[in-house]
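The file protein.tsv comes next; it holds TSV, C-alpha atoms.
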chain	number	residue	atom	x	y	z
A	1	MET	CA	16.74	20.79	-19.09
A	2	GLY	CA	16.26	22.12	-22.60
A	3	GLY	CA	13.24	24.00	-23.86
A	4	CYS	CA	10.05	22.21	-24.78
A	5	ALA	CA	9.06	21.32	-28.32
A	6	GLY	CA	8.09	24.26	-30.47
A	7	SER	CA	10.35	26.76	-28.69
A	8	ARG	CA	12.87	28.66	-30.78
A	9	ARG	CA	16.42	29.90	-30.46
A	10	ARG	CA	18.24	32.72	-32.26
A	11	LEU	CA	21.56	32.36	-34.00
A	12	SER	CA	23.65	35.38	-35.05
A	13	ASP	CA	25.80	35.49	-38.14
A	14	SER	CA	27.33	38.20	-40.27
A	15	GLU	CA	24.10	38.69	-42.18
A	16	GLY	CA	21.88	39.06	-39.10
A	17	GLU	CA	19.70	36.84	-36.94
A	18	GLU	CA	18.03	33.66	-38.01
A	19	THR	CA	15.33	31.84	-36.12
A	20	VAL	CA	15.48	28.04	-36.19
A	21	PRO	CA	13.31	25.50	-34.36
A	22	GLU	CA	14.62	23.68	-31.33
A	23	PRO	CA	14.90	19.91	-31.67
A	24	ARG	CA	12.07	17.84	-30.16
A	25	LEU	CA	14.32	15.53	-28.19
A	26	PRO	CA	13.59	17.23	-24.83
A	27	LEU	CA	9.89	16.39	-25.19
A	28	LEU	CA	10.75	12.81	-26.01
A	29	ASP	CA	13.09	12.71	-23.02
A	30	HIS	CA	10.28	14.03	-20.82
A	31	GLN	CA	7.87	11.36	-22.06
A	32	GLY	CA	10.50	8.68	-21.59
A	33	ALA	CA	11.17	9.84	-18.04
A	34	HIS	CA	7.43	9.84	-17.32
A	35	TRP	CA	7.03	6.22	-18.33
A	36	LYS	CA	10.22	5.11	-16.61
A	37	ASN	CA	8.99	6.63	-13.35
A	38	ALA	CA	5.49	5.21	-13.82
A	39	VAL	CA	6.77	1.68	-14.45
A	40	GLY	CA	9.39	2.10	-11.73
A	41	PHE	CA	6.89	3.02	-9.03
A	42	TRP	CA	4.49	0.28	-10.15
A	43	LEU	CA	7.27	-2.31	-9.82
A	44	LEU	CA	8.35	-0.87	-6.48
A	45	GLY	CA	4.79	-1.21	-5.15
A	46	LEU	CA	4.53	-4.74	-6.56
A	47	CYS	CA	7.87	-5.95	-5.18
A	48	ASN	CA	7.50	-4.23	-1.81
A	49	ASN	CA	4.24	-6.03	-1.02
A	50	PHE	CA	4.76	-9.14	-3.17
A	51	SER	CA	7.57	-10.50	-1.00
A	52	TYR	CA	5.50	-9.87	2.10
A	53	VAL	CA	2.37	-11.63	0.79
A	54	VAL	CA	4.24	-14.66	-0.53
A	55	MET	CA	6.43	-15.05	2.53
A	56	LEU	CA	3.54	-14.78	4.97
A	57	SER	CA	1.59	-17.45	3.07
A	58	ALA	CA	4.65	-19.69	3.13
A	59	ALA	CA	5.24	-19.06	6.83
A	60	HIS	CA	1.75	-20.31	7.66
A	61	ASP	CA	2.34	-23.31	5.36
A	62	ILE	CA	5.66	-24.27	6.95
A	63	LEU	CA	4.51	-23.60	10.50
A	64	SER	CA	1.54	-25.89	9.89
A	65	HIS	CA	4.00	-28.78	9.52
A	66	GLU	CA	5.27	-27.94	13.01
A	67	ARG	CA	1.80	-28.59	14.50
A	68	THR	CA	1.45	-25.01	15.61
A	69	SER	CA	-1.00	-24.11	18.29
A	70	GLY	CA	-3.35	-21.17	18.31
A	71	ASN	CA	-0.85	-19.23	20.38
A	72	GLN	CA	1.82	-19.76	17.71
A	73	SER	CA	-0.58	-18.55	15.03
A	74	HIS	CA	-1.14	-15.42	17.08
A	75	ALA	CA	2.64	-15.08	17.36
A	76	VAL	CA	2.85	-15.06	13.56
A	77	LEU	CA	0.35	-12.21	13.45
A	78	LEU	CA	2.33	-10.26	16.06
A	79	ALA	CA	5.58	-10.81	14.17
A	80	ASP	CA	3.75	-9.67	11.06
A	81	ILE	CA	2.36	-6.42	12.52
A	82	LEU	CA	4.65	-5.14	15.29
A	83	PRO	CA	7.87	-4.44	13.30
A	84	THR	CA	5.94	-2.50	10.66
A	85	LEU	CA	4.06	-0.59	13.38
A	86	VAL	CA	7.32	0.40	15.12
A	87	ILE	CA	8.91	1.55	11.85
A	88	LYS	CA	5.90	3.66	10.89
A	89	LEU	CA	5.73	5.20	14.37
A	90	LEU	CA	9.36	6.24	13.96
A	91	ALA	CA	8.76	7.78	10.53
A	92	PRO	CA	7.45	11.18	11.73
A	93	LEU	CA	10.27	11.39	14.27
A	94	GLY	CA	12.97	11.52	11.61
A	95	LEU	CA	13.21	8.10	9.96
A	96	HIS	CA	11.98	9.61	6.69
A	97	LEU	CA	14.95	12.02	6.71
A	98	LEU	CA	17.55	9.24	6.41
A	99	PRO	CA	19.12	8.84	2.94
A	100	TYR	CA	16.88	6.95	0.55
A	101	SER	CA	19.41	4.58	-1.05
A	102	PRO	CA	20.52	2.88	2.21
A	103	ARG	CA	16.89	2.44	3.23
A	104	VAL	CA	16.08	0.79	-0.09
A	105	LEU	CA	19.08	-1.52	0.26
A	106	VAL	CA	18.00	-2.55	3.77
A	107	SER	CA	14.46	-3.19	2.54
A	108	GLY	CA	15.69	-5.40	-0.31
A	109	ILE	CA	18.10	-7.33	1.90
A	110	CYS	CA	15.41	-7.95	4.52
A	111	ALA	CA	13.01	-9.21	1.84
A	112	ALA	CA	15.62	-11.65	0.51
A	113	GLY	CA	16.47	-12.70	4.06
A	114	SER	CA	12.84	-13.45	4.82
A	115	PHE	CA	12.65	-15.81	1.82
A	116	VAL	CA	15.82	-17.65	2.83
A	117	LEU	CA	14.93	-17.93	6.53
A	118	VAL	CA	11.42	-19.23	5.94
A	119	ALA	CA	12.59	-21.56	3.14
A	120	PHE	CA	15.08	-23.29	5.46
A	121	SER	CA	12.93	-23.00	8.57
A	122	HIS	CA	12.79	-26.12	10.73
A	123	SER	CA	11.46	-24.43	13.85
A	124	VAL	CA	8.83	-21.91	14.82
A	125	GLY	CA	11.49	-19.45	15.95
A	126	THR	CA	13.27	-19.40	12.59
A	127	GLY	CA	9.98	-19.02	10.75
A	128	LEU	CA	8.98	-16.10	12.96
A	129	CYS	CA	12.34	-14.42	12.26
A	130	GLY	CA	11.48	-14.65	8.56
A	131	VAL	CA	8.09	-13.05	9.23
A	132	VAL	CA	9.80	-10.24	11.16
A	133	LEU	CA	12.24	-9.56	8.29
A	134	ALA	CA	9.38	-9.43	5.78
A	135	SER	CA	7.50	-7.03	8.03
A	136	ILE	CA	10.57	-4.78	8.34
A	137	SER	CA	11.04	-4.84	4.57
A	138	SER	CA	7.42	-4.00	3.83
A	139	GLY	CA	7.09	-1.27	6.46
A	140	LEU	CA	10.40	0.41	5.67
A	141	GLY	CA	9.69	0.17	1.95
A	142	GLU	CA	6.26	1.76	2.21
A	143	VAL	CA	7.53	4.68	4.30
A	144	THR	CA	10.48	5.16	1.94
A	145	PHE	CA	8.70	4.98	-1.40
A	146	LEU	CA	5.63	6.99	-0.38
A	147	SER	CA	7.96	9.70	0.94
A	148	LEU	CA	9.88	9.52	-2.33
A	149	THR	CA	6.74	10.37	-4.31
A	150	ALA	CA	7.07	13.94	-2.96
A	151	PHE	CA	9.95	14.45	-5.40
A	152	TYR	CA	8.05	13.21	-8.49
A	153	PRO	CA	4.85	14.17	-10.33
A	154	ARG	CA	1.74	13.24	-8.35
A	155	ALA	CA	0.74	10.63	-10.93
A	156	VAL	CA	3.32	8.20	-9.50
A	157	ILE	CA	1.09	7.78	-6.41
A	158	SER	CA	-1.47	6.06	-8.61
A	159	TRP	CA	1.18	3.77	-10.10
A	160	TRP	CA	2.63	2.90	-6.68
A	161	SER	CA	-0.83	2.11	-5.31
A	162	SER	CA	-1.71	-0.05	-8.31
A	163	GLY	CA	1.50	-2.03	-7.85
A	164	THR	CA	0.78	-2.67	-4.17
A	165	GLY	CA	-2.72	-3.83	-5.11
A	166	GLY	CA	-1.34	-6.16	-7.76
A	167	ALA	CA	1.07	-7.68	-5.23
A	168	GLY	CA	-1.75	-9.14	-3.14
A	169	LEU	CA	-3.34	-10.79	-6.15
A	170	LEU	CA	-0.20	-11.93	-7.99
A	171	GLY	CA	1.65	-12.91	-4.82
A	172	ALA	CA	-1.05	-15.28	-3.61
A	173	LEU	CA	-1.61	-16.71	-7.12
A	174	SER	CA	2.09	-17.30	-7.78
A	175	TYR	CA	2.70	-19.11	-4.50
A	176	LEU	CA	-0.42	-21.23	-4.90
A	177	GLY	CA	0.33	-21.97	-8.56
A	178	LEU	CA	3.96	-22.98	-8.04
A	179	THR	CA	3.23	-25.21	-5.04
A	180	GLN	CA	0.35	-26.92	-6.86
A	181	ALA	CA	2.62	-27.40	-9.87
A	182	GLY	CA	4.78	-29.66	-7.72
A	183	LEU	CA	7.36	-27.34	-6.16
A	184	SER	CA	7.88	-27.61	-2.43
A	185	PRO	CA	7.38	-24.46	-0.33
A	186	GLN	CA	11.17	-24.25	0.03
A	187	GLN	CA	11.76	-24.43	-3.73
A	188	THR	CA	8.99	-21.91	-4.37
A	189	LEU	CA	10.48	-19.39	-1.96
A	190	LEU	CA	13.99	-19.75	-3.32
A	191	SER	CA	12.70	-19.30	-6.88
A	192	MET	CA	11.30	-15.91	-5.84
A	193	LEU	CA	14.58	-14.40	-4.69
A	194	GLY	CA	14.49	-12.41	-7.93
A	195	ILE	CA	11.73	-10.21	-6.48
A	196	PRO	CA	14.02	-8.29	-4.08
A	197	ALA	CA	16.55	-7.99	-6.91
A	198	LEU	CA	13.82	-6.49	-9.13
A	199	LEU	CA	12.96	-4.00	-6.38
A	200	LEU	CA	16.57	-2.82	-6.18
A	201	ALA	CA	16.88	-2.65	-9.97
A	202	SER	CA	13.66	-0.62	-10.23
A	203	TYR	CA	14.95	1.96	-7.77
A	204	PHE	CA	18.60	2.22	-8.82
A	205	LEU	CA	18.27	1.67	-12.58
A	206	LEU	CA	14.76	2.61	-13.67
A	207	LEU	CA	13.73	5.74	-11.76
A	208	THR	CA	15.03	9.04	-13.08
A	209	SER	CA	16.84	11.47	-10.79
A	210	PRO	CA	14.25	13.32	-8.67
A	211	GLU	CA	13.96	17.02	-9.37
A	212	ALA	CA	11.52	19.76	-8.51
A	213	GLN	CA	8.45	18.68	-10.41
A	214	ASP	CA	5.67	20.61	-12.10
A	215	PRO	CA	2.48	18.56	-11.76
A	216	GLY	CA	0.98	20.19	-14.85
A	217	GLY	CA	-2.30	19.66	-16.62
A	218	GLU	CA	-5.42	18.58	-14.78
A	219	GLU	CA	-3.60	17.92	-11.51
A	220	GLU	CA	-2.25	21.46	-11.39
A	221	ALA	CA	-5.69	22.91	-11.99
A	222	GLU	CA	-7.30	20.63	-9.43
A	223	SER	CA	-4.65	21.40	-6.83
A	224	SER	CA	-4.92	25.16	-7.29
A	225	ALA	CA	-8.71	24.98	-7.07
A	226	ARG	CA	-8.64	23.32	-3.67
A	227	GLN	CA	-8.17	25.08	-0.37
A	228	PRO	CA	-5.26	23.34	1.39
A	229	LEU	CA	-6.28	21.62	4.61
A	230	ILE	CA	-2.70	21.67	5.90
A	231	ARG	CA	-1.13	25.08	6.06
A	232	THR	CA	1.54	26.58	8.26
A	233	GLU	CA	3.50	29.77	8.12
A	234	ALA	CA	6.65	27.97	7.06
A	235	PRO	CA	9.56	29.59	5.29
A	236	GLU	CA	9.94	28.64	1.67
A	237	SER	CA	12.22	25.64	1.23
A	238	LYS	CA	13.28	23.12	-1.36
A	239	PRO	CA	10.21	21.45	-2.90
A	240	GLY	CA	9.50	18.07	-1.40
A	241	SER	CA	12.08	18.40	1.38
A	242	SER	CA	10.95	18.34	5.01
A	243	SER	CA	14.39	18.34	6.61
A	244	SER	CA	14.03	21.97	7.73
A	245	LEU	CA	10.66	21.57	9.46
A	246	SER	CA	10.62	22.51	13.14
A	247	LEU	CA	8.85	20.39	15.76
A	248	ARG	CA	6.11	23.00	15.94
A	249	GLU	CA	5.56	22.83	12.18
A	250	ARG	CA	5.49	19.03	12.26
A	251	TRP	CA	2.87	19.09	15.01
A	252	THR	CA	0.77	21.56	13.03
A	253	VAL	CA	1.03	19.41	9.90
A	254	PHE	CA	0.19	16.28	11.89
A	255	LYS	CA	-3.00	17.86	13.28
A	256	GLY	CA	-4.07	18.68	9.73
A	257	LEU	CA	-3.29	15.12	8.65
A	258	LEU	CA	-5.81	13.71	11.13
A	259	TRP	CA	-8.49	14.55	8.55
A	260	TYR	CA	-6.89	11.84	6.38
A	261	ILE	CA	-5.48	9.47	9.01
A	262	VAL	CA	-8.63	8.81	11.05
A	263	PRO	CA	-10.89	7.65	8.18
A	264	LEU	CA	-8.12	5.42	6.78
A	265	VAL	CA	-7.63	3.86	10.22
A	266	VAL	CA	-11.39	3.19	10.41
A	267	VAL	CA	-11.44	1.65	6.91
A	268	TYR	CA	-8.57	-0.72	7.73
A	269	PHE	CA	-9.97	-1.54	11.17
A	270	ALA	CA	-13.30	-2.65	9.67
A	271	GLU	CA	-11.61	-4.33	6.71
A	272	TYR	CA	-9.24	-6.49	8.73
A	273	PHE	CA	-11.82	-7.16	11.41
A	274	ILE	CA	-13.76	-8.85	8.61
A	275	ASN	CA	-10.70	-10.63	7.20
A	276	GLN	CA	-9.21	-11.83	10.49
A	277	GLY	CA	-12.35	-12.40	12.53
A	278	LEU	CA	-15.19	-13.29	10.16
A	279	PHE	CA	-13.87	-14.92	6.97
A	280	GLU	CA	-13.52	-18.40	8.52
A	281	LEU	CA	-16.97	-18.11	10.12
A	282	LEU	CA	-18.77	-17.25	6.86
A	283	PHE	CA	-19.22	-20.93	5.96
A	284	PHE	CA	-21.98	-22.21	3.66
A	285	ARG	CA	-22.90	-25.89	3.49
A	286	ASN	CA	-25.27	-25.54	0.51
A	287	THR	CA	-22.39	-25.31	-1.98
A	288	SER	CA	-19.88	-27.68	-3.56
A	289	LEU	CA	-16.96	-25.63	-2.22
A	290	SER	CA	-15.17	-26.93	0.85
A	291	HIS	CA	-14.52	-24.70	3.85
A	292	ALA	CA	-10.91	-24.16	2.73
A	293	GLN	CA	-11.99	-23.39	-0.83
A	294	GLN	CA	-14.55	-20.85	0.36
A	295	TYR	CA	-11.86	-19.12	2.42
A	296	ARG	CA	-9.51	-18.99	-0.60
A	297	TRP	CA	-12.28	-17.47	-2.74
A	298	TYR	CA	-12.89	-14.82	-0.10
A	299	GLN	CA	-9.20	-13.90	-0.08
A	300	MET	CA	-8.96	-13.86	-3.87
A	301	LEU	CA	-12.06	-11.68	-4.35
A	302	TYR	CA	-10.86	-9.30	-1.65
A	303	GLN	CA	-7.45	-8.93	-3.33
A	304	ALA	CA	-9.10	-8.47	-6.73
A	305	GLY	CA	-11.22	-5.63	-5.35
A	306	VAL	CA	-8.19	-3.96	-3.76
A	307	PHE	CA	-6.20	-4.18	-6.98
A	308	ALA	CA	-9.04	-2.77	-9.10
A	309	SER	CA	-9.70	0.22	-6.85
A	310	ARG	CA	-6.04	1.03	-6.20
A	311	SER	CA	-5.66	1.22	-9.99
A	312	SER	CA	-8.73	3.42	-10.49
A	313	LEU	CA	-7.41	6.86	-9.58
A	314	ARG	CA	-7.31	8.12	-13.17
A	315	CYS	CA	-10.99	7.21	-13.52
A	316	CYS	CA	-12.40	8.24	-10.16
A	317	HIS	CA	-11.21	10.71	-7.50
A	318	ILE	CA	-12.81	10.63	-4.05
A	319	ARG	CA	-12.03	13.60	-1.84
A	320	PHE	CA	-14.16	12.80	1.21
A	321	THR	CA	-12.75	9.48	2.38
A	322	TRP	CA	-14.96	9.64	5.47
A	323	ALA	CA	-17.72	8.27	3.24
A	324	LEU	CA	-15.58	5.18	2.53
A	325	ALA	CA	-14.98	4.71	6.27
A	326	LEU	CA	-18.73	4.79	6.92
A	327	LEU	CA	-19.48	2.30	4.13
A	328	GLN	CA	-16.77	-0.10	5.32
A	329	SER	CA	-18.13	0.08	8.87
A	330	LEU	CA	-21.58	-0.81	7.53
A	331	ASN	CA	-19.96	-3.75	5.73
A	332	LEU	CA	-18.53	-4.98	9.01
A	333	ALA	CA	-21.84	-4.62	10.84
A	334	PHE	CA	-23.74	-6.47	8.08
A	335	LEU	CA	-21.33	-9.44	7.90
A	336	LEU	CA	-21.11	-9.66	11.70
A	337	ALA	CA	-24.91	-9.85	11.82
A	338	ASP	CA	-24.87	-12.63	9.22
A	339	VAL	CA	-22.31	-14.63	11.22
A	340	TRP	CA	-24.57	-14.31	14.25
A	341	PHE	CA	-27.98	-14.86	12.62
A	342	GLY	CA	-27.10	-16.64	9.34
A	343	PHE	CA	-29.70	-14.89	7.16
A	344	LEU	CA	-27.86	-14.82	3.82
A	345	PRO	CA	-29.17	-17.68	1.65
A	346	SER	CA	-26.20	-18.07	-0.69
A	347	ILE	CA	-22.42	-17.71	-0.65
A	348	TYR	CA	-22.63	-15.56	-3.78
A	349	PHE	CA	-24.04	-12.69	-1.73
A	350	VAL	CA	-20.93	-12.90	0.46
A	351	PHE	CA	-18.73	-13.00	-2.66
A	352	LEU	CA	-20.21	-9.70	-3.81
A	353	ILE	CA	-19.87	-8.08	-0.38
A	354	ILE	CA	-16.22	-9.13	-0.04
A	355	LEU	CA	-15.39	-7.85	-3.53
A	356	TYR	CA	-17.07	-4.58	-2.49
A	357	GLU	CA	-15.04	-4.59	0.74
A	358	GLY	CA	-11.82	-4.78	-1.26
A	359	LEU	CA	-12.96	-1.98	-3.56
A	360	LEU	CA	-13.64	0.31	-0.58
A	361	GLY	CA	-10.30	-0.48	1.06
A	362	GLY	CA	-8.24	0.09	-2.07
A	363	ALA	CA	-10.09	3.30	-2.91
A	364	ALA	CA	-9.50	4.67	0.60
A	365	TYR	CA	-5.75	4.01	0.34
A	366	VAL	CA	-5.05	5.54	-3.06
A	367	ASN	CA	-7.37	8.53	-2.62
A	368	THR	CA	-6.00	9.37	0.83
A	369	PHE	CA	-2.44	9.73	-0.44
A	370	HIS	CA	-3.57	11.45	-3.63
A	371	ASN	CA	-5.50	14.01	-1.61
A	372	ILE	CA	-2.50	14.62	0.62
A	373	ALA	CA	-0.33	15.22	-2.45
A	374	LEU	CA	-2.85	17.76	-3.74
A	375	GLU	CA	-3.54	19.57	-0.47
A	376	THR	CA	-0.14	19.84	1.19
A	377	SER	CA	2.57	22.32	0.32
A	378	ASP	CA	5.80	21.13	-1.29
A	379	GLU	CA	7.91	21.47	1.83
A	380	HIS	CA	5.42	19.43	3.91
A	381	ARG	CA	4.62	16.66	1.44
A	382	GLU	CA	7.48	14.28	2.26
A	383	PHE	CA	6.72	14.46	5.99
A	384	ALA	CA	2.97	14.12	5.39
A	385	MET	CA	3.35	10.99	3.25
A	386	ALA	CA	5.65	9.32	5.79
A	387	THR	CA	3.35	10.19	8.70
A	388	THR	CA	0.11	8.99	7.11
A	389	CYS	CA	1.67	5.56	6.45
A	390	ILE	CA	0.81	4.65	10.05
A	391	SER	CA	-2.92	4.61	9.26
A	392	ASP	CA	-3.28	1.17	7.68
A	393	THR	CA	-0.99	-0.61	10.17
A	394	LEU	CA	-2.69	1.05	13.15
A	395	GLY	CA	-6.11	0.00	11.88
A	396	ILE	CA	-4.90	-3.58	11.31
A	397	SER	CA	-3.34	-3.72	14.79
A	398	LEU	CA	-6.48	-2.47	16.52
A	399	SER	CA	-8.66	-4.88	14.58
A	400	GLY	CA	-6.41	-7.80	15.55
A	401	LEU	CA	-6.80	-6.97	19.24
A	402	LEU	CA	-10.58	-7.32	18.95
A	403	ALA	CA	-11.14	-9.65	15.99
A	404	LEU	CA	-9.09	-12.61	17.23
A	405	PRO	CA	-10.79	-12.86	20.67
A	406	LEU	CA	-14.19	-12.40	19.02
A	407	HIS	CA	-13.35	-15.12	16.48
A	408	ASP	CA	-12.46	-17.55	19.29
A	409	PHE	CA	-15.64	-16.61	21.21
A	410	LEU	CA	-17.89	-17.20	18.20
A	411	CYS	CA	-16.16	-20.50	17.47
A	412	GLN	CA	-16.95	-21.70	21.01
A	413	LEU	CA	-20.62	-20.85	20.50
A	414	SER	CA	-20.90	-22.76	17.22
Give the structure from this file in structure tokens form.
Amino acid sequence: MGGCAGSRRRLSDSEGEETVPEPRLPLLDHQGAHWKNAVGFWLLGLCNNFSYVVMLSAAHDILSHERTSGNQSHAVLLADILPTLVIKLLAPLGLHLLPYSPRVLVSGICAAGSFVLVAFSHSVGTGLCGVVLASISSGLGEVTFLSLTAFYPRAVISWWSSGTGGAGLLGALSYLGLTQAGLSPQQTLLSMLGIPALLLASYFLLLTSPEAQDPGGEEEAESSARQPLIRTEAPESKPGSSSSLSLRERWTVFKGLLWYIVPLVVVYFAEYFINQGLFELLFFRNTSLSHAQQYRWYQMLYQAGVFASRSSLRCCHIRFTWALALLQSLNLAFLLADVWFGFLPSIYFVFLIILYEGLLGGAAYVNTFHNIALETSDEHREFAMATTCISDTLGISLSGLLALPLHDFLCQLS
């Protein structure tokens, strides 16, 4: 690339040397690339999770017409979680080393396939296949795009996280709005086939070519001021590339990553224990809202909190995410006590707690990956991002194993 604005070059002629200013186009190009990458990663986060949120809502809607039993509802949750869990378990073993473009293509095709399958579903089996495709798309996309951030300035992590947070809010609103406007679930799903196309366009047309990046500014100062928590005696390699890491180095990096993985697992365990096991049981009769309306408000406030905190990195950095894990665990204990004893007098107290729950969950996600970007070396960052992706899915899986049986037990008591 050319020199930055304000640099000078020397031209020789017969009369001597003359100093003339360089043009400022390189600076403008740099700013343009910054915003293209920022918007690109925001759209990638939005599209990667948007398809998943919309499709899963539609799957429950369509399966409800098939008079699904509780076992079939549990099958939807398994189809939702297991493919993503398998993909993220494979990531540290070499999945993240596969070429990026084919992975993005597979993710986009699976997202489109999930829309089509669920739209034309006339059986539980077909609907579950759609859920599986959406899970593959979301899991593969998250591993791919978070790994890709290793090749770009660290600021793109904030944009990616904000996009994923926006997907939960906009995805649920768009599906609800279009179906209430008179479109059938099938028509709504088919109208959203542009989302996978937007994901592919954002990657192939909007992102600039990844190069060795200089974080610059405040991030550079903050990174240099910190003592890296993950350090090995690795030979110097291409920035952002983990293809040359030995198994021993990967194990050493993984042990260092436990400082980030464990608290994020705890946050998501408590978070989804609340969402899967307690939301339907937090029912208030002293309000004009029906049971279904209360549940929708809980989901909407939770998604709003996640979106706000995943977009807050430029305002607030949290290094010690263990504090967020502790606070989310206290949230779970408090709401579980209320389900058991019923001491909260008004639903508005629950509204505030659930908004707070979403804020904690979103903050844990974005700050975990931001801290990894700051505290890992260039050659380990791609591997570290791909490996830490397992945290949220592992927490959700563990919570499902306990929350669903507890939910059924509490329902039998009531």
Give me, as a PDB file with C-alpha atoms, in the coordinates of the input, all polymer residues having an atom no more than 12 Å from region 265-268 of chain A, counting only C-alpha atoms and skipping those fewer than 4 positions away in the same chain.
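Written out: out-v5.pdb:
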ATOM      1  CA  LEU A 258      -5.810  13.710  11.130  1.00  0.00           C
ATOM      2  CA  TRP A 259      -8.490  14.550   8.550  1.00  0.00           C
ATOM      3  CA  TYR A 260      -6.890  11.840   6.380  1.00  0.00           C
ATOM      4  CA  ILE A 261      -5.480   9.470   9.010  1.00  0.00           C
ATOM      5  CA  TYR A 272      -9.240  -6.490   8.730  1.00  0.00           C
ATOM      6  CA  PHE A 273     -11.820  -7.160  11.410  1.00  0.00           C
ATOM      7  CA  ILE A 274     -13.760  -8.850   8.610  1.00  0.00           C
ATOM      8  CA  ASN A 275     -10.700 -10.630   7.200  1.00  0.00           C
ATOM      9  CA  GLN A 276      -9.210 -11.830  10.490  1.00  0.00           C
ATOM     10  CA  VAL A 306      -8.190  -3.960  -3.760  1.00  0.00           C
ATOM     11  CA  THR A 321     -12.750   9.480   2.380  1.00  0.00           C
ATOM     12  CA  TRP A 322     -14.960   9.640   5.470  1.00  0.00           C
ATOM     13  CA  ALA A 323     -17.720   8.270   3.240  1.00  0.00           C
ATOM     14  CA  LEU A 324     -15.580   5.180   2.530  1.00  0.00           C
ATOM     15  CA  ALA A 325     -14.980   4.710   6.270  1.00  0.00           C
ATOM     16  CA  LEU A 326     -18.730   4.790   6.920  1.00  0.00           C
ATOM     17  CA  LEU A 327     -19.480   2.300   4.130  1.00  0.00           C
ATOM     18  CA  GLN A 328     -16.770  -0.100   5.320  1.00  0.00           C
ATOM     19  CA  SER A 329     -18.130   0.080   8.870  1.00  0.00           C
ATOM     20  CA  LEU A 330     -21.580  -0.810   7.530  1.00  0.00           C
ATOM     21  CA  ASN A 331     -19.960  -3.750   5.730  1.00  0.00           C
ATOM     22  CA  LEU A 332     -18.530  -4.980   9.010  1.00  0.00           C
ATOM     23  CA  GLU A 357     -15.040  -4.590   0.740  1.00  0.00           C
ATOM     24  CA  GLY A 358     -11.820  -4.780  -1.260  1.00  0.00           C
ATOM     25  CA  LEU A 359     -12.960  -1.980  -3.560  1.00  0.00           C
ATOM     26  CA  LEU A 360     -13.640   0.310  -0.580  1.00  0.00           C
ATOM     27  CA  GLY A 361     -10.300  -0.480   1.060  1.00  0.00           C
ATOM     28  CA  GLY A 362      -8.240   0.090  -2.070  1.00  0.00           C
ATOM     29  CA  ALA A 363     -10.090   3.300  -2.910  1.00  0.00           C
ATOM     30  CA  ALA A 364      -9.500   4.670   0.600  1.00  0.00           C
ATOM     31  CA  TYR A 365      -5.750   4.010   0.340  1.00  0.00           C
ATOM     32  CA  THR A 368      -6.000   9.370   0.830  1.00  0.00           C
ATOM     33  CA  THR A 388       0.110   8.990   7.110  1.00  0.00           C
ATOM     34  CA  CYS A 389       1.670   5.560   6.450  1.00  0.00           C
ATOM     35  CA  ILE A 390       0.810   4.650  10.050  1.00  0.00           C
ATOM     36  CA  SER A 391      -2.920   4.610   9.260  1.00  0.00           C
ATOM     37  CA  ASP A 392      -3.280   1.170   7.680  1.00  0.00           C
ATOM     38  CA  THR A 393      -0.990  -0.610  10.170  1.00  0.00           C
ATOM     39  CA  LEU A 394      -2.690   1.050  13.150  1.00  0.00           C
ATOM     40  CA  GLY A 395      -6.110   0.000  11.880  1.00  0.00           C
ATOM     41  CA  ILE A 396      -4.900  -3.580  11.310  1.00  0.00           C
ATOM     42  CA  SER A 397      -3.340  -3.720  14.790  1.00  0.00           C
ATOM     43  CA  LEU A 398      -6.480  -2.470  16.520  1.00  0.00           C
ATOM     44  CA  SER A 399      -8.660  -4.880  14.580  1.00  0.00           C
ATOM     45  CA  GLY A 400      -6.410  -7.800  15.550  1.00  0.00           C
TER      46      GLY A 400
END
Of the candidates A:Gly163, A:Pro153, A:Gly113, A:Gly139, which shows the shortest atom-to-atom distance to Leu189 (chain A), using only C-alpha atoms? A:Gly113
I'd like the contact shell of region 337-343 of chain A - 12 Å cut-off, all atoms listed in the file, skipping same-chain residues fewer than 2 positions apart - returned as a list in words.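 Neighbouring residues, sequence-local ones excluded: Ile274, Gly277, Leu278, Phe279, Glu280, Leu281, Leu282, Phe283, Phe284, Arg285, Leu330, Asn331, Leu332, Ala333, Phe334, Leu335, Pro345, Ser346, Ile347, Phe349, Val350, Ile353, Leu406, His407, Phe409, Leu410, Cys411, Leu413 and Ser414 of chain A.
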re CA of Ser138 (chain A) and CA of Phe50 (chain A): distance 9.1 Å
Here is a test: counting all atoms listed in the file, which residue of A:Leu128, A:Tyr203, A:Leu257, A:Glu271 is nearest to Ala75 (chain A)? A:Leu128
Residues at most 9 Å from Ser51 (chain A), counting all atoms listed in the file, excluding those fewer than 5 positions away in the same chain, as a PyMOL selection string? chain A and resi 46+56+111-112+114-115+134+137-138+167+171+192-193+195-196
Would you please work out which residue, of A:Leu206, A:Leu404, A:Leu245, A:Leu85, is nearest to Glu142 (chain A) when using all atoms listed in the file?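 Checking each of A:Leu206, A:Leu404, A:Leu245, A:Leu85 against Glu142 (chain A), counting all atoms listed in the file, the winner is A:Leu85.
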I'd like the interatomic distance between CA of Phe120 (chain A) and CA of Ser135 (chain A), to a tenth of an Å. 18.1 Å
Have a look at CA of Val132 (chain A) and CA of Ile87 (chain A) and let me know their distance in Å, one decimal.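 Here the two named atoms are 11.8 Å from each other.
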Kindly indicate which residue among A:Ile81, A:Val116, A:Leu344, A:Leu43 lies nearest to Leu199 (chain A), using only C-alpha atoms for the distances.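 Closest to Leu199 (chain A) of all the choices is A:Leu43.
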Protein and nucleic acid residues near (5.0, -17.0, 2.5) (cut-off 10 Å, only C-alpha atoms) as JSON, numbers by chain: {"A": [50, 51, 52, 53, 54, 55, 56, 57, 58, 59, 60, 61, 62, 114, 115, 118, 119, 127, 130, 131, 134, 171, 172, 175, 185, 186, 188, 189]}
